[in-house]
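Undergrad: First, the structure itself, so that you have it in front of you.
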Amino acid sequence: MLKSTTGWLNSTTWRYIFTPVFLISALHYASPSPSRGLIVSGLTYLLIVIIIAVWDSRDAQQKLAEDAQRLGAVPIPKVKGRLPGNLDILFALVRGDRDDYCGEVFRRWSEEYGPTYNMNILWADQKSRKFNEMFREFLGDGIFTVDGDAWKLHRNLARPFFVKDRISDFDCFERHSSNLLRLVSDKAESKGDIDMQDLFARFSLDSTTDFLFGHSTNSLLDQYSQFSAAFKAMTHLGSTWRWFEIFENKSREPMKIINSFVDPILTRAVQERSVLLDKNVEHENFLQHLLAADLDTELVRDELLNILLAGQDTTASLLTFTIYCLTLYPYIAVKVREEIDSQLHGRPPTVEDIKELKYLRSCMNETLRLFPPVPFNIRRSIQSCALPSPLSKTKPLYMPAGRSISYSPLLIQRRHDIWGSNALQYDPNRWLVGDAKVHVTNPFAFLPFNGGPRMCIGQQMALNEVSYLTIRLLQEYTFEFAPRQGSALPPSWKASDIGRENVEKIWPVASLTLMAKNGVWVRAKRR
Ligand code: HEM
């Protein structure tokens with residue numbers, strides 16, 4: 001279990017508030033003049049707090065140094081800013097997020113300090129907050145937001161539903177693919193541009209709700225889908241909105257819309273729960289699977305929203321960047337289409353077909369490598385430990401307990417020392433020969449679905465879903481990139497010899513997932 005360090009009556013409160021206030025009150029009353037007493041008290045308070053803070057900090061540093069020594073580890077290199085508290089580093093982060101290519105600001109620091117560094121903002125390592133504190137209202141307690149034994153319970157409960165038969169429900173993919181193809185067809189006929197990012201977000205919302213609830217949001221059939229907008233709003237509120245909640249609860253309206261979809265389905269399913277408990281009854285969707293496990297209704301609701309969040313944006317992101325890469329490299333699109341045509345001769349794919357389409361899979365892997373849907377991730381150290389040093393000859397790095405550790409699949413998967421001199425090139429062939437071994441020998445070299453025990457549970461389902469829709473699109477259309485007015489890239493990118501700036505036609509940005517700023521606009525032509 002994770003430690004709780006909060007509580008208003010802890011030793012910090014005593015040291016910084018109660019004790020100084022007690023001393024000051026004593027001084028104040030002992031003083032002959034009230035106004036002089038007030039000034040003396042104020043200054044004394046400040047002095048006491050500074051002394052305690054310095055004392056505490058020295059004490060803490062000493063303890064950390066001893067712990068590091070015990071583990072035979074050295075401190076992680078600290079980024080050296082120019083302003084006190086590394087405030088300029090904080091500003092650089094904000095500026096980088098706004099103006100630079102996704103992750104570029106971190107890449108620059110890694111050139112200076114090595115691949116692992118401590119940003120040391122405001123004189124402190126970043127103490128972490130639990131994910132569920134950030135998304136409490138939206139996600140409650142589900143597989144994504146809980147840790148320890150509670151997580152194991154959720155994982156064991158969910159896993160059996162993600163078996164081959166379930167995740168290969170191509171009828172579900174076909175229903176929503178044909179809705180999407182109809183929209184593409186309309187635009188192809190009118191020679192209009194299409195934002196594929198928007199269509200893919202709706203497609204994955206519709207198919208994932210279908211899979212989870214047995215009811216689809218059908219947002220592809222409704223251009224002004226309220227659910228789609230509300231879900232987007234909730235996932236993008238992230239961690240900061242609570243600070244502004246004093247004036248307005250920004251989650252109230254979107255949550256009302258989300259609940260108006262979820263609650264009636266849940267109520268109906270709960271009424272039919274007794275049927276689901278019969279072992280001979282097959283469960284058609286994840287909601288029924290959870291209800292049959294006799295879970296509390298609120299927990300069922302949380303779990304469904306957790307998995308909807310986990311599966312929707314990520315799948316949409318992979319679809320978006322796959323089509324983007326195929327328009328950016330038309331000669332690769334030609335090869336993928338040839339492979340699809342020779343395997344399928346125009347019919348929709350089966351699971352077995354998808355296994356045979358090795359070049360398509362290589363393209364998806366290459367897209368996941370250069371444009372991982374979760375480009376940044378975060379972990380928390382429960383206890384202090386020694387991390388293996390990325391610079392092999394030095395000692396391991398010391399990680400104190402209770403700290404946030406951010407890592408970037410996007411940067412790791414573009415590293416030349418791991419992926420070779422052509423690391424930045426989109427080269428599906430690397431998955432067919434030689435380099436494919438990289439992620440076998442080092443499972444953390446390629447981690448779009450994460451690694452370790454919390455690895456994505458929906459990986460195979462996502463790969464089936466993305467393959468299915470990509471095949472259906474390529475069977476019927478060719479796609480050309482359509483530059484969009486008002487979404488020009490920074491002029492400096494063309495001349496840049498760093499990263500992929502000079503080849504990109506869209507601006508990849510990181511929200512919770514990787515997206516294209518302003519969308520991915522294409523023109524479709526029927527084959
Ligand atoms: C291309 C699509 C996808 C990508 C790239 C992806 C990626 C990831 C990543 C990186 C994690 C680890 C998150 C963390 O612990 O920090 C994760 C977890 C998870 N994913 Fe996916 N995911 C995808 C699709 C899906 C789908 C379609 C589903 C289900 C419908 C799903 C369900 C989950 C669940 C339930 C977890 C939490 C696992 C746990 O904590 O034990 N994902 N995914």
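Labeling convention for the structure tokens: chains A, B, ... as they appear, residues from 1 per chain, ligands from 1 in order of appearance.
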Apply DSSP to the structure's backbone, then extract all residues of range 336-432 of chain A labelled strand (DSSP E) and return them as a list in words.

TA: Asn377, Ile378, Arg379, Arg380, Cys385, Ala386, Leu387, Leu397, Tyr398, Met399, Ser404, Ile405, Ser406 and Tyr407 of chain A

Undergrad: Could you report the residues within 6 Å of ligand 1, using only C-alpha atoms and all ligand atoms, as a count of residues only?

TA: 23

Undergrad: Considering only C-alpha atoms, return as a list in words whatever protein or nucleic-acid residues lie within 8 Å of range 71-84 of chain A, sequence-local ones (same chain, fewer than 5 positions apart) excluded.

TA: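 Contacts, in chain order: Ile89, Trp109, Tyr113, Thr116, Tyr117, Asn118, Met119, Asn120, Leu122, Cys385, Ala386, Lys395, Pro396, Leu397, Tyr398 and Met399 of chain A.
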
Undergrad: Write out the residues from the selection above, keeping N, CA and C atoms, as a PDB file, in the first residue's frame.

TA:
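Final output, out_37.pdb:
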ATOM      1  N   ILE A  89      13.945  26.925 -15.326  1.00  0.00           N
ATOM      2  CA  ILE A  89      13.694  25.576 -15.862  1.00  0.00           C
ATOM      3  C   ILE A  89      12.185  25.357 -15.965  1.00  0.00           C
ATOM      4  N   TRP A 109      18.002  18.731 -22.448  1.00  0.00           N
ATOM      5  CA  TRP A 109      18.625  18.511 -21.139  1.00  0.00           C
ATOM      6  C   TRP A 109      19.328  17.154 -21.103  1.00  0.00           C
ATOM      7  N   TYR A 113      22.943  16.510 -19.585  1.00  0.00           N
ATOM      8  CA  TYR A 113      23.108  15.832 -18.290  1.00  0.00           C
ATOM      9  C   TYR A 113      23.077  14.311 -18.379  1.00  0.00           C
ATOM     10  N   THR A 116      19.285  10.437 -17.635  1.00  0.00           N
ATOM     11  CA  THR A 116      18.521  10.536 -16.380  1.00  0.00           C
ATOM     12  C   THR A 116      18.985  11.767 -15.617  1.00  0.00           C
ATOM     13  N   TYR A 117      18.053  12.661 -15.284  1.00  0.00           N
ATOM     14  CA  TYR A 117      18.443  13.872 -14.553  1.00  0.00           C
ATOM     15  C   TYR A 117      17.317  14.316 -13.635  1.00  0.00           C
ATOM     16  N   ASN A 118      17.725  15.170 -12.686  1.00  0.00           N
ATOM     17  CA  ASN A 118      16.787  15.675 -11.679  1.00  0.00           C
ATOM     18  C   ASN A 118      16.540  17.153 -11.967  1.00  0.00           C
ATOM     19  N   MET A 119      15.285  17.524 -12.185  1.00  0.00           N
ATOM     20  CA  MET A 119      15.027  18.919 -12.568  1.00  0.00           C
ATOM     21  C   MET A 119      15.072  19.868 -11.370  1.00  0.00           C
ATOM     22  N   ASN A 120      14.937  19.331 -10.188  1.00  0.00           N
ATOM     23  CA  ASN A 120      15.187  20.091  -8.963  1.00  0.00           C
ATOM     24  C   ASN A 120      14.510  21.462  -8.958  1.00  0.00           C
ATOM     25  N   LEU A 122      12.248  24.425  -7.631  1.00  0.00           N
ATOM     26  CA  LEU A 122      11.942  24.977  -6.297  1.00  0.00           C
ATOM     27  C   LEU A 122      12.657  24.196  -5.199  1.00  0.00           C
ATOM     28  N   CYS A 385      15.597   3.432  -3.673  1.00  0.00           N
ATOM     29  CA  CYS A 385      16.225   2.329  -4.416  1.00  0.00           C
ATOM     30  C   CYS A 385      17.375   2.851  -5.269  1.00  0.00           C
ATOM     31  N   ALA A 386      18.125   1.917  -5.839  1.00  0.00           N
ATOM     32  CA  ALA A 386      19.232   2.280  -6.732  1.00  0.00           C
ATOM     33  C   ALA A 386      18.828   1.913  -8.146  1.00  0.00           C
ATOM     34  N   LYS A 395      28.331   4.268 -10.990  1.00  0.00           N
ATOM     35  CA  LYS A 395      27.517   3.566  -9.991  1.00  0.00           C
ATOM     36  C   LYS A 395      26.030   3.748 -10.292  1.00  0.00           C
ATOM     37  N   PRO A 396      25.161   2.936  -9.676  1.00  0.00           N
ATOM     38  CA  PRO A 396      23.722   3.161  -9.883  1.00  0.00           C
ATOM     39  C   PRO A 396      23.282   4.511  -9.325  1.00  0.00           C
ATOM     40  N   LEU A 397      22.114   4.957  -9.773  1.00  0.00           N
ATOM     41  CA  LEU A 397      21.621   6.277  -9.358  1.00  0.00           C
ATOM     42  C   LEU A 397      20.669   6.132  -8.167  1.00  0.00           C
ATOM     43  N   TYR A 398      20.771   7.075  -7.253  1.00  0.00           N
ATOM     44  CA  TYR A 398      19.966   6.988  -6.026  1.00  0.00           C
ATOM     45  C   TYR A 398      18.600   7.641  -6.216  1.00  0.00           C
ATOM     46  N   MET A 399      17.561   6.886  -5.913  1.00  0.00           N
ATOM     47  CA  MET A 399      16.198   7.418  -6.013  1.00  0.00           C
ATOM     48  C   MET A 399      15.557   7.369  -4.628  1.00  0.00           C
TER      49      MET A 399
END

Undergrad: Can you list, as a PyMOL selection string, every protein, DNA or RNA residue that comes within 12 Å of Trp419 in chain A when you count only C-alpha atoms, leaving out same-chain residues fewer than 4 positions away?

TA: chain A and resi 366+369-370+411-415+423-427+430-431+434-439+442+445-446

Undergrad: Put those residues in a file: C-alpha atoms, as a PDB file, in the first residue's frame.

TA:
ATOM      1  CA  GLU A 366       7.152   1.880 -36.561  1.00  0.00           C
ATOM      2  CA  ARG A 369       7.954   3.705 -32.043  1.00  0.00           C
ATOM      3  CA  LEU A 370       8.133   7.241 -33.447  1.00  0.00           C
ATOM      4  CA  LEU A 411      12.450   9.970 -26.471  1.00  0.00           C
ATOM      5  CA  ILE A 412      13.625   6.438 -25.604  1.00  0.00           C
ATOM      6  CA  GLN A 413      12.256   5.063 -28.857  1.00  0.00           C
ATOM      7  CA  ARG A 414      14.081   7.716 -30.895  1.00  0.00           C
ATOM      8  CA  ARG A 415      17.499   7.219 -29.265  1.00  0.00           C
ATOM      9  CA  ALA A 423      16.519   6.096 -35.420  1.00  0.00           C
ATOM     10  CA  LEU A 424      14.556   9.128 -36.595  1.00  0.00           C
ATOM     11  CA  GLN A 425      13.563   7.653 -39.941  1.00  0.00           C
ATOM     12  CA  TYR A 426      10.248   5.943 -40.513  1.00  0.00           C
ATOM     13  CA  ASP A 427      11.530   2.567 -41.664  1.00  0.00           C
ATOM     14  CA  ARG A 430      13.629  -2.522 -39.324  1.00  0.00           C
ATOM     15  CA  TRP A 431      10.863  -4.742 -37.899  1.00  0.00           C
ATOM     16  CA  GLY A 434      17.936  -7.073 -37.647  1.00  0.00           C
ATOM     17  CA  ASP A 435      16.735  -4.271 -35.405  1.00  0.00           C
ATOM     18  CA  ALA A 436      13.544  -6.069 -34.447  1.00  0.00           C
ATOM     19  CA  LYS A 437      15.753  -7.841 -31.916  1.00  0.00           C
ATOM     20  CA  VAL A 438      16.310  -4.625 -29.987  1.00  0.00           C
ATOM     21  CA  HIS A 439      13.093  -4.888 -28.066  1.00  0.00           C
ATOM     22  CA  ASN A 442      15.731  -5.030 -23.958  1.00  0.00           C
ATOM     23  CA  ALA A 445      13.614  -0.141 -25.576  1.00  0.00           C
ATOM     24  CA  PHE A 446      10.143  -0.348 -27.124  1.00  0.00           C
TER      25      PHE A 446
END

Undergrad: So which residues of range 47-273 of chain A fall under alpha helix (DSSP H) by DSSP, listed as number ranges by chain?

TA: A: 47-71, 87-99, 104-113, 131-134, 136-139, 148-158, 164-167, 170-190, 196-213, 226-237, 252-271, 273

Undergrad: From the options A:Val503, A:Leu304, A:Leu221, A:Cys102, which residue's atoms come nearest to Ala516 in chain A, counting only C-alpha atoms?

TA: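 Between A:Val503, A:Leu304, A:Leu221, A:Cys102, the residue approaching Ala516 in chain A most closely is A:Cys102.
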
Undergrad: Just want the 10 Å neighbourhood of range 200-204 of chain A, counted on only C-alpha atoms, with same-chain residues fewer than 5 positions away dropped. Output as a ChimeraX atom specification.

TA: /A:173,175-180,195,209-210,217-223,225,227-229,232,308,311-320,462,465-466,469

Undergrad: Of the candidates A:Ala482, A:Val351, A:Val281, A:Met515, which one gets nearest to Asn464 in chain A if we count only C-alpha atoms?

TA: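 Selected residue with least distance to Asn464 in chain A: A:Val351.
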
Undergrad: With only C-alpha atoms as the basis for distance, which of A:Tyr359, A:Tyr45, A:Trp507, A:Tyr324 is at the shortest distance from Val522 in chain A?

TA: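 Looking at the shortest contact to Val522 in chain A, the residue is A:Tyr324.
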
Undergrad: Quick one: distance from CA of Phe444 in chain A to CA of Ile167 in chain A in Å, one decimal?

TA: 25.2 Å

Undergrad: Could you check how far CA of Val184 in chain A sits from CA of Ala524 in chain A, in Å to one decimal?

TA: 7.1 Å

Undergrad: Excluding range 341-346 of chain A and residues on its chain fewer than 4 positions from it, collect all residues at most 8 Å away from it, counting only C-alpha atoms, and give them as a list in words.

TA: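 Selected residues are Arg337, Asp353, Glu356, Leu357 and Gln475 of chain A.
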
Undergrad: Okay, now the selection with C-alpha atoms, as a compact mmCIF listing (two decimals), in the first residue's frame?

TA:
# COMPACT_ATOMS: atom_id res chain seq x y z
CA ARG A 337 -1.91 -1.75 -49.98
CA ASP A 353 -5.50 -12.50 -42.15
CA GLU A 356 -0.34 -12.69 -42.11
CA LEU A 357 -0.06 -8.97 -42.89
CA GLN A 475 -8.99 -1.15 -49.58
